[in-house]
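Engineer: mmCIF, C-alpha atoms, saved as model-v3.cif, coming up:
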data_target
#
loop_
_atom_site.label_atom_id
_atom_site.label_comp_id
_atom_site.auth_asym_id
_atom_site.auth_seq_id
_atom_site.Cartn_x
_atom_site.Cartn_y
_atom_site.Cartn_z
CA MET E 1 13.26 2.77 -16.69
CA PHE E 2 10.58 0.69 -14.89
CA ASP E 3 12.62 -2.50 -14.51
CA THR E 4 14.59 -2.42 -11.25
CA ILE E 5 15.62 -0.14 -8.38
CA ALA E 6 18.47 -0.99 -6.01
CA GLY E 7 18.69 -4.44 -7.61
CA LEU E 8 15.04 -5.26 -6.92
CA PRO E 9 12.03 -5.14 -9.26
CA ILE E 10 10.05 -1.89 -9.14
CA HIS E 11 6.76 -3.78 -9.58
CA PRO E 12 6.34 -5.19 -6.02
CA LEU E 13 7.04 -1.70 -4.65
CA ALA E 14 4.71 0.14 -7.02
CA VAL E 15 1.80 -2.25 -6.43
CA HIS E 16 1.65 -1.31 -2.72
CA ALA E 17 0.51 2.15 -3.80
CA VAL E 18 -2.14 0.85 -6.19
CA VAL E 19 -3.52 -1.81 -3.85
CA VAL E 20 -4.03 0.67 -1.02
CA LEU E 21 -4.68 3.99 -2.74
CA LEU E 22 -6.96 2.91 -5.59
CA PRO E 23 -9.69 1.33 -3.39
CA LEU E 24 -9.27 4.18 -0.89
CA MET E 25 -9.76 6.84 -3.58
CA ALA E 26 -12.63 4.87 -5.12
CA LEU E 27 -14.45 5.09 -1.76
CA VAL E 28 -13.57 8.77 -1.41
CA THR E 29 -14.76 9.50 -4.97
CA ILE E 30 -18.08 7.76 -4.31
CA ALA E 31 -18.51 9.57 -0.98
CA VAL E 32 -17.79 12.97 -2.53
CA ALA E 33 -20.21 12.28 -5.41
CA VAL E 34 -23.01 11.11 -3.12
CA ARG E 35 -22.79 13.86 -0.47
CA PRO E 36 -23.53 17.30 -1.96
CA ALA E 37 -21.82 19.09 0.95
CA TRP E 38 -18.55 17.31 0.20
CA ARG E 39 -18.52 18.16 -3.52
CA ARG E 40 -16.57 21.36 -2.84
CA HIS E 41 -13.58 19.10 -2.12
CA ALA E 42 -13.77 17.62 -5.64
CA LYS E 43 -10.57 19.42 -6.71
CA LEU E 44 -8.54 17.56 -4.08
CA VAL E 45 -10.09 14.28 -5.20
CA VAL E 46 -9.19 15.01 -8.84
CA GLY E 47 -5.57 15.62 -7.77
CA ALA E 48 -5.40 12.42 -5.70
CA ASN E 49 -7.02 10.37 -8.48
CA ALA E 50 -4.43 11.72 -10.93
CA LEU E 51 -1.72 10.37 -8.59
CA VAL E 52 -3.49 7.00 -8.48
CA LEU E 53 -3.51 6.92 -12.29
CA VAL E 54 0.25 7.56 -12.30
CA ALA E 55 0.76 4.76 -9.74
CA ALA E 56 -1.37 2.39 -11.84
CA PHE E 57 0.65 3.25 -14.94
CA VAL E 58 3.97 2.69 -13.13
CA ALA E 59 2.66 -0.65 -11.79
CA ARG E 60 1.65 -1.69 -15.32
CA GLN E 61 4.96 -0.72 -16.96
CA SER E 62 7.10 -2.22 -14.17
CA GLY E 63 4.90 -5.32 -14.28
CA GLN E 64 5.66 -5.81 -17.96
CA ALA E 65 9.38 -5.49 -17.24
CA LEU E 66 9.13 -8.10 -14.46
CA TYR E 67 7.01 -10.37 -16.69
CA ALA E 68 9.72 -10.21 -19.35
CA ARG E 69 12.26 -11.38 -16.75
CA ILE E 70 10.05 -14.19 -15.43
CA GLY E 71 9.44 -15.31 -19.00
CA GLN E 72 13.14 -16.14 -19.22
CA PHE E 73 12.46 -19.11 -16.90
CA GLY E 74 9.80 -20.42 -19.30
CA ARG E 75 6.08 -20.06 -19.86
CA ASN E 76 4.06 -18.97 -16.82
CA ASP E 77 0.27 -19.18 -17.21
CA LEU E 78 -0.52 -17.57 -13.85
CA ALA E 79 1.67 -14.56 -14.60
CA GLU E 80 0.17 -14.32 -18.08
CA LYS E 81 -3.34 -14.14 -16.62
CA HIS E 82 -2.19 -11.43 -14.18
CA VAL E 83 -0.71 -9.40 -17.05
CA GLY E 84 -4.07 -9.60 -18.80
CA TYR E 85 -5.79 -7.96 -15.83
CA GLY E 86 -2.97 -5.52 -15.03
CA ASN E 87 -2.70 -4.16 -18.57
CA VAL E 88 -6.25 -2.81 -18.31
CA LEU E 89 -6.05 -1.50 -14.73
CA PRO E 90 -4.90 2.04 -15.66
CA LEU E 91 -8.14 2.45 -17.62
CA PHE E 92 -10.12 1.90 -14.41
CA ALA E 93 -7.96 4.48 -12.66
CA LEU E 94 -8.67 6.81 -15.59
CA GLY E 95 -12.40 6.15 -15.15
CA LEU E 96 -12.10 7.22 -11.53
CA LEU E 97 -10.27 10.39 -12.55
CA VAL E 98 -12.94 11.23 -15.15
CA ALA E 99 -15.69 10.63 -12.57
CA SER E 100 -14.06 13.06 -10.14
CA GLY E 101 -13.69 15.60 -12.95
CA LEU E 102 -17.43 15.31 -13.58
CA ILE E 103 -18.13 15.85 -9.86
CA LEU E 104 -16.19 19.09 -10.19
CA LEU E 105 -18.49 20.02 -13.08
CA VAL E 106 -21.59 19.34 -10.97
CA THR E 107 -20.66 22.19 -8.60
CA SER E 108 -21.51 24.63 -11.44
CA ARG E 109 -24.18 22.53 -13.20
CA PRO E 110 -26.31 20.90 -10.49
CA LYS E 111 -28.67 19.36 -13.07
CA LEU E 112 -25.98 16.80 -13.97
CA ALA E 113 -25.85 15.50 -10.39
CA PRO E 114 -27.90 12.26 -10.77
CA VAL E 115 -25.94 11.10 -13.83
CA VAL E 116 -22.60 11.90 -12.20
CA VAL E 117 -23.51 10.11 -8.96
CA VAL E 118 -24.39 6.94 -10.89
CA LEU E 119 -21.24 7.16 -13.02
CA SER E 120 -19.05 7.71 -9.93
CA VAL E 121 -20.52 4.74 -8.06
CA VAL E 122 -20.11 2.49 -11.11
CA ALA E 123 -16.55 3.71 -11.78
CA GLY E 124 -15.62 3.30 -8.11
CA LEU E 125 -17.01 -0.22 -7.72
CA ALA E 126 -15.56 -1.35 -11.05
CA ALA E 127 -12.12 0.00 -10.09
CA VAL E 128 -12.15 -1.82 -6.73
CA GLY E 129 -13.34 -5.05 -8.35
CA TRP E 130 -10.65 -4.94 -11.02
CA THR E 131 -7.97 -4.17 -8.44
CA VAL E 132 -9.03 -7.25 -6.44
CA LEU E 133 -8.90 -9.45 -9.58
CA THR E 134 -5.52 -8.06 -10.59
CA GLY E 135 -4.00 -8.33 -7.11
CA ASP E 136 -5.35 -11.83 -6.52
CA SER E 137 -4.05 -13.13 -9.84
CA GLY E 138 -0.66 -11.50 -9.16
CA ALA E 139 -0.39 -13.01 -5.67
CA ARG E 140 -1.33 -16.40 -7.15
CA ALA E 141 1.43 -16.09 -9.75
CA VAL E 142 4.00 -15.43 -7.01
CA TRP E 143 2.81 -17.59 -4.10
CA GLU E 144 0.43 -20.36 -5.11
CA THR E 145 3.13 -22.96 -5.88
CA VAL E 146 4.83 -22.43 -2.51
CA ILE E 147 1.56 -22.62 -0.57
CA ASP E 148 0.37 -25.72 -2.44
CA SER E 149 3.64 -27.55 -1.81
CA THR E 150 3.96 -26.80 1.94
CA GLN E 151 1.97 -27.29 5.14
CA GLY E 152 0.90 -24.52 7.51
CA MET T 1 -5.52 -17.54 11.41
CA PHE T 2 -2.52 -15.68 9.98
CA ASP T 3 -1.37 -18.40 7.59
CA THR T 4 -3.42 -18.31 4.39
CA VAL T 5 -6.57 -16.80 2.90
CA THR T 6 -8.15 -18.27 -0.27
CA GLY T 7 -5.00 -20.34 -0.75
CA LEU T 8 -2.61 -17.39 -0.63
CA PRO T 9 -0.34 -16.20 2.18
CA VAL T 10 -1.97 -13.56 4.42
CA HIS T 11 1.44 -11.90 4.72
CA ALA T 12 1.57 -10.85 1.05
CA LEU T 13 -1.77 -9.05 1.48
CA VAL T 14 -1.24 -7.47 4.91
CA VAL T 15 2.14 -5.92 4.11
CA HIS T 16 0.47 -3.62 1.58
CA ALA T 17 -1.37 -2.00 4.49
CA VAL T 18 1.77 -1.59 6.62
CA VAL T 19 3.91 -0.21 3.78
CA ALA T 20 1.26 2.35 2.84
CA PHE T 21 -0.36 3.24 6.17
CA LEU T 22 2.57 3.37 8.58
CA PRO T 23 4.40 6.17 6.70
CA LEU T 24 1.07 7.91 6.03
CA ALA T 25 0.08 7.74 9.72
CA ALA T 26 3.56 8.92 10.75
CA VAL T 27 3.35 12.00 8.49
CA LEU T 28 -0.18 12.67 9.73
CA THR T 29 0.94 12.41 13.37
CA VAL T 30 3.82 14.86 12.84
CA ALA T 31 1.58 17.31 10.94
CA ALA T 32 -1.06 17.18 13.66
CA VAL T 33 1.36 17.92 16.48
CA LEU T 34 3.29 20.64 14.58
CA ARG T 35 0.29 22.73 13.46
CA PRO T 36 -1.56 24.16 16.46
CA SER T 37 -4.78 24.48 14.43
CA TRP T 38 -4.64 20.74 13.62
CA ARG T 39 -4.05 19.54 17.16
CA GLY T 40 -7.78 18.88 17.66
CA VAL T 41 -7.34 16.13 15.06
CA LEU T 42 -4.82 14.39 17.34
CA ARG T 43 -7.60 13.25 19.59
CA TRP T 44 -9.41 11.33 16.91
CA VAL T 45 -8.05 10.70 13.49
CA VAL T 46 -4.38 10.41 14.42
CA VAL T 47 -4.57 8.22 17.50
CA VAL T 48 -7.08 5.93 15.79
CA ALA T 49 -4.91 5.77 12.62
CA ASP T 50 -1.82 4.95 14.71
CA ALA T 51 -3.77 2.24 16.57
CA VAL T 52 -4.88 0.69 13.27
CA VAL T 53 -1.23 0.67 12.16
CA VAL T 54 -0.28 -1.26 15.34
CA VAL T 55 -2.88 -3.90 14.48
CA VAL T 56 -1.76 -4.30 10.84
CA ALA T 57 1.91 -4.35 11.89
CA PHE T 58 1.14 -7.15 14.36
CA ALA T 59 -0.81 -9.07 11.69
CA ALA T 60 2.10 -8.64 9.25
CA GLN T 61 4.56 -9.97 11.81
CA GLN T 62 2.43 -13.00 12.74
CA SER T 63 1.59 -13.89 9.12
CA GLY T 64 5.22 -13.34 8.19
CA GLU T 65 6.35 -16.02 10.64
CA GLN T 66 3.89 -18.45 9.04
CA LEU T 67 5.10 -17.70 5.53
CA GLN T 68 8.73 -17.95 6.63
CA ALA T 69 8.02 -21.42 8.05
CA ARG T 70 6.44 -22.52 4.75
CA LEU T 71 9.24 -21.11 2.61
CA SER T 72 11.89 -22.71 4.84
CA GLN T 73 10.02 -26.00 4.47
CA ALA T 74 9.98 -25.68 0.68
CA ARG T 75 13.65 -24.73 0.37
CA GLY T 76 14.91 -27.13 3.03
CA HIS T 77 16.79 -24.37 4.88
CA PRO T 78 15.83 -21.27 6.90
CA VAL T 79 14.96 -18.27 4.69
CA ALA T 80 14.51 -14.50 5.13
CA GLN T 81 16.16 -14.45 8.56
CA GLU T 82 17.26 -10.81 8.40
CA HIS T 83 13.78 -9.80 7.25
CA ALA T 84 12.18 -11.78 10.11
CA GLU T 85 14.44 -10.18 12.72
CA LEU T 86 13.72 -6.67 11.49
CA GLY T 87 10.03 -7.48 11.01
CA GLY T 88 9.80 -8.64 14.62
CA LEU T 89 10.66 -5.08 15.68
CA LEU T 90 8.04 -3.40 13.52
CA PRO T 91 5.00 -3.79 15.82
CA LEU T 92 7.09 -2.26 18.63
CA PHE T 93 7.88 0.79 16.50
CA ALA T 94 4.23 1.10 15.50
CA LEU T 95 3.42 0.98 19.21
CA LEU T 96 6.05 3.66 19.84
CA LEU T 97 4.32 5.93 17.31
CA LEU T 98 0.97 5.34 19.01
CA ALA T 99 2.49 6.02 22.45
CA ALA T 100 4.09 9.26 21.21
CA ALA T 101 0.75 10.39 19.74
CA ALA T 102 -1.08 9.49 22.95
CA PHE T 103 1.50 11.40 25.01
CA ALA T 104 1.11 14.40 22.65
CA TRP T 105 -2.68 14.18 23.07
CA PHE T 106 -2.21 15.19 26.73
CA GLY T 107 1.01 17.14 26.26
CA VAL T 108 -0.25 19.82 23.88
CA ARG T 109 -3.29 20.43 26.06
CA ARG T 110 -1.35 20.82 29.30
CA GLY T 111 1.06 23.28 27.65
CA GLY T 112 4.44 24.45 28.99
CA VAL T 113 7.44 22.21 28.56
CA LEU T 114 5.19 19.30 27.57
CA VAL T 115 4.56 20.90 24.15
CA PRO T 116 8.16 20.76 22.84
CA LEU T 117 8.52 17.34 24.49
CA SER T 118 5.43 16.12 22.61
CA VAL T 119 6.73 17.48 19.31
CA ALA T 120 10.17 15.92 19.83
CA GLY T 121 8.67 12.59 20.84
CA VAL T 122 6.34 12.43 17.85
CA VAL T 123 9.01 13.47 15.33
CA LEU T 124 11.52 10.91 16.67
CA ALA T 125 8.94 8.12 16.78
CA ALA T 126 7.78 8.97 13.23
CA LEU T 127 11.32 8.98 11.80
CA ALA T 128 12.25 5.77 13.60
CA SER T 129 9.12 3.87 12.58
CA VAL T 130 9.32 4.96 8.92
CA GLY T 131 13.03 4.06 8.86
CA VAL T 132 12.35 0.57 10.26
CA THR T 133 9.46 0.09 7.79
CA PHE T 134 11.83 0.94 4.95
CA ALA T 135 14.45 -1.54 6.22
CA VAL T 136 11.87 -4.29 6.79
CA GLY T 137 10.28 -3.80 3.36
CA HIS T 138 13.62 -3.74 1.58
CA SER T 139 14.88 -6.90 3.30
CA GLY T 140 11.58 -8.64 2.52
CA ALA T 141 11.71 -7.68 -1.15
CA THR T 142 15.34 -8.82 -1.25
CA ALA T 143 14.39 -12.19 0.23
CA THR T 144 11.63 -12.64 -2.35
CA TRP T 145 13.11 -11.20 -5.53
CA GLN T 146 16.90 -10.95 -5.42
CA GLU T 147 17.60 -14.40 -6.86
CA GLU T 148 15.01 -13.97 -9.58
CA ILE T 149 16.49 -10.64 -10.66
CA ALA T 150 20.08 -11.88 -10.45
CA GLY T 151 19.16 -14.93 -12.56
CA THR T 152 17.62 -12.92 -15.41
CA SER T 153 18.67 -10.09 -17.70
CA ALA T 154 16.91 -6.77 -18.14
CA PRO T 155 14.21 -6.76 -20.80
CA VAL T 156 15.29 -5.40 -24.18
CA GLY T 157 14.94 -1.64 -24.33
CA ASP T 158 15.37 -1.19 -20.59
CA ALA T 159 18.78 0.35 -20.19
CA ASP T 160 19.03 0.63 -16.43
CA GLY T 161 18.59 -3.05 -15.57
#
Represent the supplied structure as structure tokens.
Structural biologist:
Amino acid sequence: MFDTIAGLPIHPLAVHAVVVLLPLMALVTIAVAVRPAWRRHAKLVVGANALVLVAAFVARQSGQALYARIGQFGRNDLAEKHVGYGNVLPLFALGLLVASGLILLVTSRPKLAPVVVVLSVVAGLAAVGWTVLTGDSGARAVWETVIDSTQG
Amino acid sequence: MFDTVTGLPVHALVVHAVVAFLPLAAVLTVAAVLRPSWRGVLRWVVVVADAVVVVVAFAAQQSGEQLQARLSQARGHPVAQEHAELGGLLPLFALLLLAAAAFAWFGVRRGGVLVPLSVAGVVLAALASVGVTFAVGHSGATATWQEEIAGTSAPVGDADG
């Protein structure tokens, strides 16, 4: 179900959403955790982070389908490395979702605020970092050979 | 400056921004002009968002030409010509969206016949720019992936391949 759509792989479509929305929501999650006045919007952030988790899951599943196709051409070390990063990415999206859930909790239990702020910042930065590693390794798997063998 | 970054094509990175932000900015622009209580947002968020989209669309077009030149070099024949033609139009449609939003900025304040004109302009520009983005993205994905998909079979357990 995650293999192709209209004769093209779902993966390169799904990753657009992850690449843009995950770092964006990581920043939003951190901002909402850090600014007490913005914490009343935590519900919206939880909803958006849930969507990001779905996008990350779709990217992972469609990535495995595409990897299975590419494997038919032979072993591909760059793609293998990318799969290693991508398989774990949904967990970082889940971390972001959990952090926003905790921010929601802070609105009724203000004592938790310092812990939740730290957790949110860590979850947000980790998610952005992992997205960069995953995206970079994926782009390398697709493009590095072409770039290395041509002149700009 | 639009060719590569850390040994990878700039195009592959920049298109993420266009694919995600152009439709998002288009929806935002329509929402802002349709809801009277949101029209204050037109002045800031929307016009700035639409301007950012013009910049990323231009960067995608420029970097796309560079990548097309490299791929044509590697294959020994011109590649992705349909995608390049459509992609060349994209900055113009992004500009159209920005122009419609800027017109609406004045239009909804002046009132009268300018209000429905602003709404119509924004809705048309939004539909057109999202439609072109869809066509550009699809032709680009086709240029990159079609052969690879046609040359392989669906993974076991995936019925719809």
Engineer: Please build the interface table for chain E against chain T with a cut-off of 8 Å, listing for each qualifying residue the nearest atom pair and the distance in Å to one decimal; count all atoms listed in the file, order rows by chain and increasing number, and write it as JSON lines.
Structural biologist:
{"residue": "E:Met1", "atom": "CA", "partner": "T:Asp158", "partner_atom": "CA", "distance": 5.9}
{"residue": "E:Phe2", "atom": "CA", "partner": "T:Asp158", "partner_atom": "CA", "distance": 7.7}
{"residue": "E:Asp3", "atom": "CA", "partner": "T:Gly161", "partner_atom": "CA", "distance": 6.1}
{"residue": "E:Thr4", "atom": "CA", "partner": "T:Gly161", "partner_atom": "CA", "distance": 5.9}
{"residue": "E:Gly7", "atom": "CA", "partner": "T:Gln146", "partner_atom": "CA", "distance": 7.1}
{"residue": "E:Leu8", "atom": "CA", "partner": "T:Gln146", "partner_atom": "CA", "distance": 6.2}
{"residue": "E:Pro9", "atom": "CA", "partner": "T:Trp145", "partner_atom": "CA", "distance": 7.2}
{"residue": "E:Pro12", "atom": "CA", "partner": "T:Ala141", "partner_atom": "CA", "distance": 7.7}
{"residue": "E:His16", "atom": "CA", "partner": "T:His16", "partner_atom": "CA", "distance": 5.0}
{"residue": "E:Ala17", "atom": "CA", "partner": "T:Ala20", "partner_atom": "CA", "distance": 6.7}
{"residue": "E:Val19", "atom": "CA", "partner": "T:His16", "partner_atom": "CA", "distance": 7.0}
{"residue": "E:Val20", "atom": "CA", "partner": "T:Ala17", "partner_atom": "CA", "distance": 6.7}
{"residue": "E:Ala65", "atom": "CA", "partner": "T:Pro155", "partner_atom": "CA", "distance": 6.1}
{"residue": "E:Ala68", "atom": "CA", "partner": "T:Pro155", "partner_atom": "CA", "distance": 5.8}
{"residue": "E:Arg69", "atom": "CA", "partner": "T:Thr152", "partner_atom": "CA", "distance": 5.7}
{"residue": "E:Ile70", "atom": "CA", "partner": "T:Glu148", "partner_atom": "CA", "distance": 7.7}
{"residue": "E:Gln72", "atom": "CA", "partner": "T:Thr152", "partner_atom": "CA", "distance": 6.7}
{"residue": "E:Ala139", "atom": "CA", "partner": "T:Leu8", "partner_atom": "CA", "distance": 7.0}
{"residue": "E:Arg140", "atom": "CA", "partner": "T:Leu8", "partner_atom": "CA", "distance": 6.7}
{"residue": "E:Trp143", "atom": "CA", "partner": "T:Leu8", "partner_atom": "CA", "distance": 6.4}
{"residue": "E:Glu144", "atom": "CA", "partner": "T:Leu8", "partner_atom": "CA", "distance": 6.2}
{"residue": "E:Val146", "atom": "CA", "partner": "T:Ala74", "partner_atom": "CA", "distance": 6.9}
{"residue": "E:Ile147", "atom": "CA", "partner": "T:Leu8", "partner_atom": "CA", "distance": 6.7}
{"residue": "E:Asp148", "atom": "CA", "partner": "T:Gly7", "partner_atom": "CA", "distance": 7.8}
{"residue": "E:Ser149", "atom": "CA", "partner": "T:Ala74", "partner_atom": "CA", "distance": 7.1}
{"residue": "E:Thr150", "atom": "CA", "partner": "T:Arg70", "partner_atom": "CA", "distance": 5.7}
{"residue": "E:Gln151", "atom": "CA", "partner": "T:Arg70", "partner_atom": "CA", "distance": 6.5}
{"residue": "E:Gly152", "atom": "CA", "partner": "T:Arg70", "partner_atom": "CA", "distance": 6.5}
Engineer: Could you list, as a list in words, every residue matched by the PyMOL selection byres ((chain E and resi 100) around 9) in this structure?
Structural biologist: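 The output of the PyMOL selection byres ((chain E and resi 100) around 9) on this file is Thr29, Ile30, Val32, Ala33, Ala42, Lys43, Val45, Val46, Asn49, Gly95, Leu96, Leu97, Val98, Ala99, Gly101, Leu102, Ile103, Leu104, Leu105, Val116 and Ser120 of chain E.
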Engineer: Determine the residue set returned by the PyMOL selection byres ((chain T and resi 45) around 12) for the present structure, and present it as a PyMOL selection string.
Structural biologist: chain T and resi 25+28-29+31-32+38-44+46-52+98+101-102+105
Engineer: Using only C-alpha atoms, which residue out of E:Gly124, E:Gly74, E:Pro110, E:Pro90 lies closest to Ala31 (chain E)?
Structural biologist: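 Under the stated criterion, the closest residue is E:Gly124.
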Engineer: To test your reading of the syntax: which residues would the PyMOL selection byres ((chain T and resi 129) around 8) return for the file shown? Reply as a VMD selection string.
Structural biologist: chain T and resid 22 to 23 26 90 93 to 94 96 to 97 125 to 128 130 to 133
Engineer: What are the centre and the three edge lengths of an axis-aligned box that wraps all atoms of region 49-54 of chain E in the file, given that 4 Å is added to every side, written as JSON and rounded to one decimal in Å?
Structural biologist:
{"center_x": -3.4, "center_y": 9.3, "center_z": -10.4, "size_x": 15.3, "size_y": 12.8, "size_z": 11.8}
Engineer: I'd like the interatomic distance between CA of Val88 (chain E) and CA of Ala141 (chain E), to a tenth of an Å.
Structural biologist: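 Interatomic distance here is 17.6 Å.
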Engineer: Add whatever atoms are absent from region 76-105 of chain T to reach N, CA and C atoms, and provide the output as a PDB file, in the coordinates of the input.
Structural biologist:
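The file below, result.pdb, is the result:
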ATOM      1  N   GLY T  76      14.082 -26.211   2.263  1.00  0.00           N
ATOM      2  CA  GLY T  76      14.910 -27.130   3.030  1.00  0.00           C
ATOM      3  C   GLY T  76      15.950 -26.439   3.899  1.00  0.00           C
ATOM      4  N   HIS T  77      15.900 -25.116   3.974  1.00  0.00           N
ATOM      5  CA  HIS T  77      16.790 -24.370   4.880  1.00  0.00           C
ATOM      6  C   HIS T  77      16.095 -23.072   5.295  1.00  0.00           C
ATOM      7  N   PRO T  78      16.504 -22.498   6.439  1.00  0.00           N
ATOM      8  CA  PRO T  78      15.830 -21.270   6.900  1.00  0.00           C
ATOM      9  C   PRO T  78      15.984 -20.130   5.887  1.00  0.00           C
ATOM     10  N   VAL T  79      14.896 -19.387   5.647  1.00  0.00           N
ATOM     11  CA  VAL T  79      14.960 -18.270   4.690  1.00  0.00           C
ATOM     12  C   VAL T  79      14.580 -16.960   5.376  1.00  0.00           C
ATOM     13  N   ALA T  80      14.944 -15.854   4.744  1.00  0.00           N
ATOM     14  CA  ALA T  80      14.510 -14.500   5.130  1.00  0.00           C
ATOM     15  C   ALA T  80      14.755 -14.205   6.611  1.00  0.00           C
ATOM     16  N   GLN T  81      15.908 -14.639   7.126  1.00  0.00           N
ATOM     17  CA  GLN T  81      16.160 -14.450   8.560  1.00  0.00           C
ATOM     18  C   GLN T  81      16.338 -12.985   8.956  1.00  0.00           C
ATOM     19  N   GLU T  82      17.061 -12.235   8.095  1.00  0.00           N
ATOM     20  CA  GLU T  82      17.260 -10.810   8.400  1.00  0.00           C
ATOM     21  C   GLU T  82      15.907 -10.086   8.388  1.00  0.00           C
ATOM     22  N   HIS T  83      15.107 -10.418   7.380  1.00  0.00           N
ATOM     23  CA  HIS T  83      13.780  -9.800   7.250  1.00  0.00           C
ATOM     24  C   HIS T  83      12.918 -10.119   8.477  1.00  0.00           C
ATOM     25  N   ALA T  84      12.989 -11.370   8.960  1.00  0.00           N
ATOM     26  CA  ALA T  84      12.180 -11.780  10.110  1.00  0.00           C
ATOM     27  C   ALA T  84      12.614 -11.046  11.378  1.00  0.00           C
ATOM     28  N   GLU T  85      13.941 -10.884  11.532  1.00  0.00           N
ATOM     29  CA  GLU T  85      14.440 -10.180  12.720  1.00  0.00           C
ATOM     30  C   GLU T  85      13.979  -8.732  12.732  1.00  0.00           C
ATOM     31  N   LEU T  86      14.147  -8.067  11.588  1.00  0.00           N
ATOM     32  CA  LEU T  86      13.720  -6.670  11.490  1.00  0.00           C
ATOM     33  C   LEU T  86      12.202  -6.567  11.631  1.00  0.00           C
ATOM     34  N   GLY T  87      11.494  -7.492  10.977  1.00  0.00           N
ATOM     35  CA  GLY T  87      10.030  -7.480  11.010  1.00  0.00           C
ATOM     36  C   GLY T  87       9.481  -7.674  12.415  1.00  0.00           C
ATOM     37  N   GLY T  88      10.218  -8.433  13.234  1.00  0.00           N
ATOM     38  CA  GLY T  88       9.800  -8.640  14.620  1.00  0.00           C
ATOM     39  C   GLY T  88       9.774  -7.337  15.410  1.00  0.00           C
ATOM     40  N   LEU T  89      10.592  -6.367  14.970  1.00  0.00           N
ATOM     41  CA  LEU T  89      10.660  -5.080  15.680  1.00  0.00           C
ATOM     42  C   LEU T  89       9.521  -4.142  15.276  1.00  0.00           C
ATOM     43  N   LEU T  90       8.965  -4.382  14.088  1.00  0.00           N
ATOM     44  CA  LEU T  90       8.040  -3.400  13.520  1.00  0.00           C
ATOM     45  C   LEU T  90       6.813  -3.086  14.391  1.00  0.00           C
ATOM     46  N   PRO T  91       6.143  -4.110  14.965  1.00  0.00           N
ATOM     47  CA  PRO T  91       5.000  -3.790  15.820  1.00  0.00           C
ATOM     48  C   PRO T  91       5.400  -2.900  17.007  1.00  0.00           C
ATOM     49  N   LEU T  92       6.632  -3.090  17.509  1.00  0.00           N
ATOM     50  CA  LEU T  92       7.090  -2.260  18.630  1.00  0.00           C
ATOM     51  C   LEU T  92       7.233  -0.796  18.198  1.00  0.00           C
ATOM     52  N   PHE T  93       7.739  -0.589  16.974  1.00  0.00           N
ATOM     53  CA  PHE T  93       7.880   0.790  16.500  1.00  0.00           C
ATOM     54  C   PHE T  93       6.529   1.415  16.185  1.00  0.00           C
ATOM     55  N   ALA T  94       5.591   0.600  15.717  1.00  0.00           N
ATOM     56  CA  ALA T  94       4.230   1.100  15.500  1.00  0.00           C
ATOM     57  C   ALA T  94       3.610   1.501  16.843  1.00  0.00           C
ATOM     58  N   LEU T  95       3.893   0.691  17.857  1.00  0.00           N
ATOM     59  CA  LEU T  95       3.420   0.980  19.210  1.00  0.00           C
ATOM     60  C   LEU T  95       4.052   2.264  19.748  1.00  0.00           C
ATOM     61  N   LEU T  96       5.332   2.451  19.435  1.00  0.00           N
ATOM     62  CA  LEU T  96       6.050   3.660  19.840  1.00  0.00           C
ATOM     63  C   LEU T  96       5.387   4.906  19.252  1.00  0.00           C
ATOM     64  N   LEU T  97       4.998   4.809  17.977  1.00  0.00           N
ATOM     65  CA  LEU T  97       4.320   5.930  17.310  1.00  0.00           C
ATOM     66  C   LEU T  97       2.990   6.235  18.000  1.00  0.00           C
ATOM     67  N   LEU T  98       2.248   5.170  18.315  1.00  0.00           N
ATOM     68  CA  LEU T  98       0.970   5.340  19.010  1.00  0.00           C
ATOM     69  C   LEU T  98       1.184   5.963  20.392  1.00  0.00           C
ATOM     70  N   ALA T  99       2.212   5.495  21.110  1.00  0.00           N
ATOM     71  CA  ALA T  99       2.490   6.020  22.450  1.00  0.00           C
ATOM     72  C   ALA T  99       2.868   7.499  22.376  1.00  0.00           C
ATOM     73  N   ALA T 100       3.690   7.857  21.366  1.00  0.00           N
ATOM     74  CA  ALA T 100       4.090   9.260  21.210  1.00  0.00           C
ATOM     75  C   ALA T 100       2.874  10.134  20.913  1.00  0.00           C
ATOM     76  N   ALA T 101       1.963   9.630  20.067  1.00  0.00           N
ATOM     77  CA  ALA T 101       0.750  10.390  19.740  1.00  0.00           C
ATOM     78  C   ALA T 101      -0.145  10.529  20.970  1.00  0.00           C
ATOM     79  N   ALA T 102      -0.253   9.443  21.744  1.00  0.00           N
ATOM     80  CA  ALA T 102      -1.080   9.490  22.950  1.00  0.00           C
ATOM     81  C   ALA T 102      -0.496  10.465  23.970  1.00  0.00           C
ATOM     82  N   PHE T 103       0.829  10.463  24.110  1.00  0.00           N
ATOM     83  CA  PHE T 103       1.500  11.400  25.010  1.00  0.00           C
ATOM     84  C   PHE T 103       1.236  12.840  24.557  1.00  0.00           C
ATOM     85  N   ALA T 104       1.324  13.053  23.207  1.00  0.00           N
ATOM     86  CA  ALA T 104       1.110  14.400  22.650  1.00  0.00           C
ATOM     87  C   ALA T 104      -0.330  14.847  22.850  1.00  0.00           C
ATOM     88  N   TRP T 105      -1.266  13.899  22.839  1.00  0.00           N
ATOM     89  CA  TRP T 105      -2.680  14.180  23.070  1.00  0.00           C
ATOM     90  C   TRP T 105      -2.835  14.979  24.372  1.00  0.00           C
TER      91      TRP T 105
END
